[in-house]
Structure formats: C-alpha cells, structure tokens
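Structure file structure.pdb; described as PDB, C-alpha atoms.
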ATOM      1  CA  MET E   1     -68.568 -46.679 138.458  1.00  0.00           C
ATOM      2  CA  HIS E   2     -66.489 -45.835 135.396  1.00  0.00           C
ATOM      3  CA  ARG E   3     -66.924 -49.403 134.151  1.00  0.00           C
ATOM      4  CA  LEU E   4     -70.689 -49.335 134.733  1.00  0.00           C
ATOM      5  CA  GLU E   5     -71.054 -46.038 132.868  1.00  0.00           C
ATOM      6  CA  ARG E   6     -69.013 -47.157 129.847  1.00  0.00           C
ATOM      7  CA  PRO E   7     -72.038 -48.384 127.769  1.00  0.00           C
ATOM      8  CA  LEU E   8     -73.649 -44.921 127.917  1.00  0.00           C
ATOM      9  CA  ARG E   9     -72.793 -42.657 124.986  1.00  0.00           C
ATOM     10  CA  THR E  10     -74.973 -39.611 125.755  1.00  0.00           C
ATOM     11  CA  VAL E  11     -76.518 -38.102 128.871  1.00  0.00           C
ATOM     12  CA  HIS E  12     -79.486 -40.136 130.137  1.00  0.00           C
ATOM     13  CA  PRO E  13     -82.095 -39.106 132.740  1.00  0.00           C
ATOM     14  CA  SER E  14     -81.281 -42.257 134.694  1.00  0.00           C
ATOM     15  CA  GLY E  15     -78.472 -44.750 134.430  1.00  0.00           C
ATOM     16  CA  PRO E  16     -78.373 -48.520 134.345  1.00  0.00           C
ATOM     17  CA  PRO E  17     -79.720 -50.136 137.531  1.00  0.00           C
ATOM     18  CA  ALA E  18     -76.273 -51.518 138.390  1.00  0.00           C
ATOM     19  CA  LEU E  19     -74.771 -48.002 138.275  1.00  0.00           C
ATOM     20  CA  GLU E  20     -77.506 -46.535 140.454  1.00  0.00           C
ATOM     21  CA  HIS E  21     -77.101 -49.395 142.938  1.00  0.00           C
ATOM     22  CA  GLU E  22     -73.342 -48.833 143.112  1.00  0.00           C
ATOM     23  CA  LEU E  23     -73.872 -45.108 143.608  1.00  0.00           C
ATOM     24  CA  ASN E  24     -76.223 -45.796 146.527  1.00  0.00           C
ATOM     25  CA  ARG E  25     -73.609 -48.082 148.104  1.00  0.00           C
ATOM     26  CA  PHE E  26     -70.977 -45.373 147.598  1.00  0.00           C
ATOM     27  CA  LEU E  27     -73.132 -42.686 149.225  1.00  0.00           C
ATOM     28  CA  LEU E  28     -73.835 -44.881 152.240  1.00  0.00           C
ATOM     29  CA  ALA E  29     -70.142 -45.701 152.616  1.00  0.00           C
ATOM     30  CA  ILE E  30     -68.920 -42.095 152.564  1.00  0.00           C
ATOM     31  CA  GLY E  31     -71.604 -40.775 154.893  1.00  0.00           C
ATOM     32  CA  VAL E  32     -69.440 -41.248 157.983  1.00  0.00           C
ATOM     33  CA  LEU E  33     -66.274 -39.610 156.618  1.00  0.00           C
ATOM     34  CA  PRO E  34     -65.093 -36.131 157.574  1.00  0.00           C
ATOM     35  CA  VAL E  35     -66.391 -33.337 155.366  1.00  0.00           C
ATOM     36  CA  ASP E  36     -63.195 -32.659 153.428  1.00  0.00           C
ATOM     37  CA  GLU E  37     -62.579 -36.333 152.607  1.00  0.00           C
ATOM     38  CA  ARG E  38     -66.219 -36.801 151.615  1.00  0.00           C
ATOM     39  CA  GLY E  39     -66.047 -33.764 149.325  1.00  0.00           C
ATOM     40  CA  LEU E  40     -62.935 -35.090 147.589  1.00  0.00           C
ATOM     41  CA  LEU E  41     -64.482 -38.498 146.962  1.00  0.00           C
ATOM     42  CA  ILE E  42     -67.721 -36.958 145.707  1.00  0.00           C
ATOM     43  CA  ARG E  43     -65.828 -34.787 143.221  1.00  0.00           C
ATOM     44  CA  GLU E  44     -64.006 -37.857 141.920  1.00  0.00           C
ATOM     45  CA  ALA E  45     -67.250 -39.837 141.687  1.00  0.00           C
ATOM     46  CA  LYS E  46     -68.939 -37.078 139.682  1.00  0.00           C
ATOM     47  CA  SER E  47     -66.473 -37.717 136.872  1.00  0.00           C
ATOM     48  CA  ALA E  48     -67.505 -41.391 136.872  1.00  0.00           C
ATOM     49  CA  VAL E  49     -71.244 -40.762 136.546  1.00  0.00           C
ATOM     50  CA  ALA E  50     -71.353 -37.701 134.297  1.00  0.00           C
ATOM     51  CA  LEU E  51     -73.675 -39.365 131.752  1.00  0.00           C
ATOM     52  CA  CYS E  52     -76.325 -40.356 134.324  1.00  0.00           C
ATOM     53  CA  GLN E  53     -78.243 -37.208 135.252  1.00  0.00           C
ATOM     54  CA  ASP E  54     -79.878 -38.710 138.371  1.00  0.00           C
ATOM     55  CA  CYS E  55     -76.541 -39.969 139.679  1.00  0.00           C
ATOM     56  CA  PHE E  56     -74.786 -36.671 139.019  1.00  0.00           C
ATOM     57  CA  ASP E  57     -77.603 -34.703 140.685  1.00  0.00           C
ATOM     58  CA  ALA E  58     -77.469 -36.938 143.769  1.00  0.00           C
ATOM     59  CA  LEU E  59     -73.747 -36.325 144.138  1.00  0.00           C
ATOM     60  CA  GLU E  60     -74.141 -32.584 143.559  1.00  0.00           C
ATOM     61  CA  ALA E  61     -76.787 -32.393 146.285  1.00  0.00           C
ATOM     62  CA  LEU E  62     -74.575 -34.092 148.865  1.00  0.00           C
ATOM     63  CA  GLU E  63     -71.293 -32.358 148.062  1.00  0.00           C
ATOM     64  CA  PRO E  64     -70.215 -30.200 151.022  1.00  0.00           C
ATOM     65  CA  SER E  65     -68.845 -27.528 148.702  1.00  0.00           C
ATOM     66  CA  VAL E  66     -69.134 -24.494 150.968  1.00  0.00           C
ATOM     67  CA  GLU E  67     -67.331 -26.160 153.852  1.00  0.00           C
ATOM     68  CA  THR E  68     -64.566 -27.636 151.714  1.00  0.00           C
ATOM     69  CA  ARG E  69     -63.931 -24.428 149.758  1.00  0.00           C
ATOM     70  CA  LEU E  70     -63.621 -22.356 152.918  1.00  0.00           C
ATOM     71  CA  GLY E  71     -61.345 -24.898 154.562  1.00  0.00           C
ATOM     72  CA  GLY E  72     -63.647 -25.404 157.516  1.00  0.00           C
ATOM     73  CA  SER E  73     -65.314 -28.515 158.797  1.00  0.00           C
ATOM     74  CA  PRO E  74     -68.340 -27.305 160.816  1.00  0.00           C
ATOM     75  CA  CYS E  75     -70.552 -30.237 159.788  1.00  0.00           C
ATOM     76  CA  LYS E  76     -70.859 -33.478 161.671  1.00  0.00           C
ATOM     77  CA  PRO E  77     -69.992 -36.687 159.792  1.00  0.00           C
ATOM     78  CA  GLY E  78     -72.965 -38.118 157.936  1.00  0.00           C
ATOM     79  CA  PHE E  79     -75.647 -36.511 155.848  1.00  0.00           C
TER
END
Show me this structure written as structure tokens.
Amino acid sequence: MHRLERPLRTVHPSGPPALEHELNRFLLAIGVLPVDERGLLIREAKSAVALCQDCFDALEALEPSVETRLGGSPCKPGF
C-alpha cells in the first residue's frame, strides 16, 4: 500500500483505484483474525494510506480500538 500511495502528494478524497482495491483485499484478509492482531495490522495500514481519505476512514471504522486498548477480546473474529 505504501508503494501505491507514493504518487499522492496531498490528501485526496479518494485514492487511486489500485490502492482502493488493495485496501479491500486487505480488509477481507484480516476479517478472520483475532481482535488484537487485527487492530495491530489496521494501525500499521493506516500509516500506508494516510493521503487517501476514503481508505483512512474505512480503516478507522473497522479498528477495534476499545477492545485492544482495554486488553480484552470480547468480539468474535470477523467484522
């Protein structure tokens, strides 16, 4: 995702189609992971898509921040 975001110089409402496609593949792949692992990967991915507002918002919406900050894992794997 870092490589796909490289051409962007400022924040854009939406990213290149290849970046959005890769983000969708990423979100589908991490949907079955435990909450704490998913949260870690989402935080790392947010740094890769910081200039695409849609991509960043999608990751923010799916980040299990409350569960990971409290150290619990009450959620089932998936979305």
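Using all atoms listed in the file, the shortest contact distance between Asp54 (chain E) and any of E:Ile42, E:Pro34, E:Pro16, E:Leu28 is found at E:Pro16.
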Starting from the displayed file, determine the output of the PyMOL selection byres ((chain E and resi 6) around 12) and express the residue list as a ChimeraX atom specification.
-> /E:1-5,7-11,15-16,19,48-52
Take CA of Asp36 (chain E) and CA of Leu23 (chain E) and report the distance between them in Å, one decimal.
->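 Interatomic distance, CA of Asp36 (chain E) to CA of Leu23 (chain E): 19.1 Å.
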Of the listed residues E:Ser14, E:His21, E:Leu27, E:Glu37, that which approaches Leu62 (chain E) most closely, counting only C-alpha atoms | E:Leu27
Could you check how far CA of Val35 (chain E) sits from CA of Ala18 (chain E), in Å to one decimal?
->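 We find that CA of Val35 (chain E) and CA of Ala18 (chain E) lie 26.8 Å from each other.
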Quick check on the file I pasted: which residues fall under the PyMOL selection byres ((chain E and resi 43) around 12)? Write them as a PDB file with C-alpha atoms, in the coordinates of the input.
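Written file, expr.pdb:
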ATOM      1  CA  ASP E  36     -63.195 -32.659 153.428  1.00  0.00           C
ATOM      2  CA  GLU E  37     -62.579 -36.333 152.607  1.00  0.00           C
ATOM      3  CA  ARG E  38     -66.219 -36.801 151.615  1.00  0.00           C
ATOM      4  CA  GLY E  39     -66.047 -33.764 149.325  1.00  0.00           C
ATOM      5  CA  LEU E  40     -62.935 -35.090 147.589  1.00  0.00           C
ATOM      6  CA  LEU E  41     -64.482 -38.498 146.962  1.00  0.00           C
ATOM      7  CA  ILE E  42     -67.721 -36.958 145.707  1.00  0.00           C
ATOM      8  CA  GLU E  44     -64.006 -37.857 141.920  1.00  0.00           C
ATOM      9  CA  ALA E  45     -67.250 -39.837 141.687  1.00  0.00           C
ATOM     10  CA  LYS E  46     -68.939 -37.078 139.682  1.00  0.00           C
ATOM     11  CA  SER E  47     -66.473 -37.717 136.872  1.00  0.00           C
ATOM     12  CA  ALA E  48     -67.505 -41.391 136.872  1.00  0.00           C
ATOM     13  CA  VAL E  49     -71.244 -40.762 136.546  1.00  0.00           C
ATOM     14  CA  ALA E  50     -71.353 -37.701 134.297  1.00  0.00           C
ATOM     15  CA  PHE E  56     -74.786 -36.671 139.019  1.00  0.00           C
ATOM     16  CA  ALA E  58     -77.469 -36.938 143.769  1.00  0.00           C
ATOM     17  CA  LEU E  59     -73.747 -36.325 144.138  1.00  0.00           C
ATOM     18  CA  GLU E  60     -74.141 -32.584 143.559  1.00  0.00           C
ATOM     19  CA  ALA E  61     -76.787 -32.393 146.285  1.00  0.00           C
ATOM     20  CA  LEU E  62     -74.575 -34.092 148.865  1.00  0.00           C
ATOM     21  CA  GLU E  63     -71.293 -32.358 148.062  1.00  0.00           C
ATOM     22  CA  PRO E  64     -70.215 -30.200 151.022  1.00  0.00           C
ATOM     23  CA  SER E  65     -68.845 -27.528 148.702  1.00  0.00           C
ATOM     24  CA  THR E  68     -64.566 -27.636 151.714  1.00  0.00           C
TER      25      THR E  68
END
Around all listed atoms of region 23-32 of chain E, padded 6 Å per side, what centre and edge lengths does the axis-aligned box have in Å to one decimal, as AutoDock Vina command-line options?
--center_x -72.6 --center_y -44.4 --center_z 150.8 --size_x 19.3 --size_y 19.3 --size_z 26.4
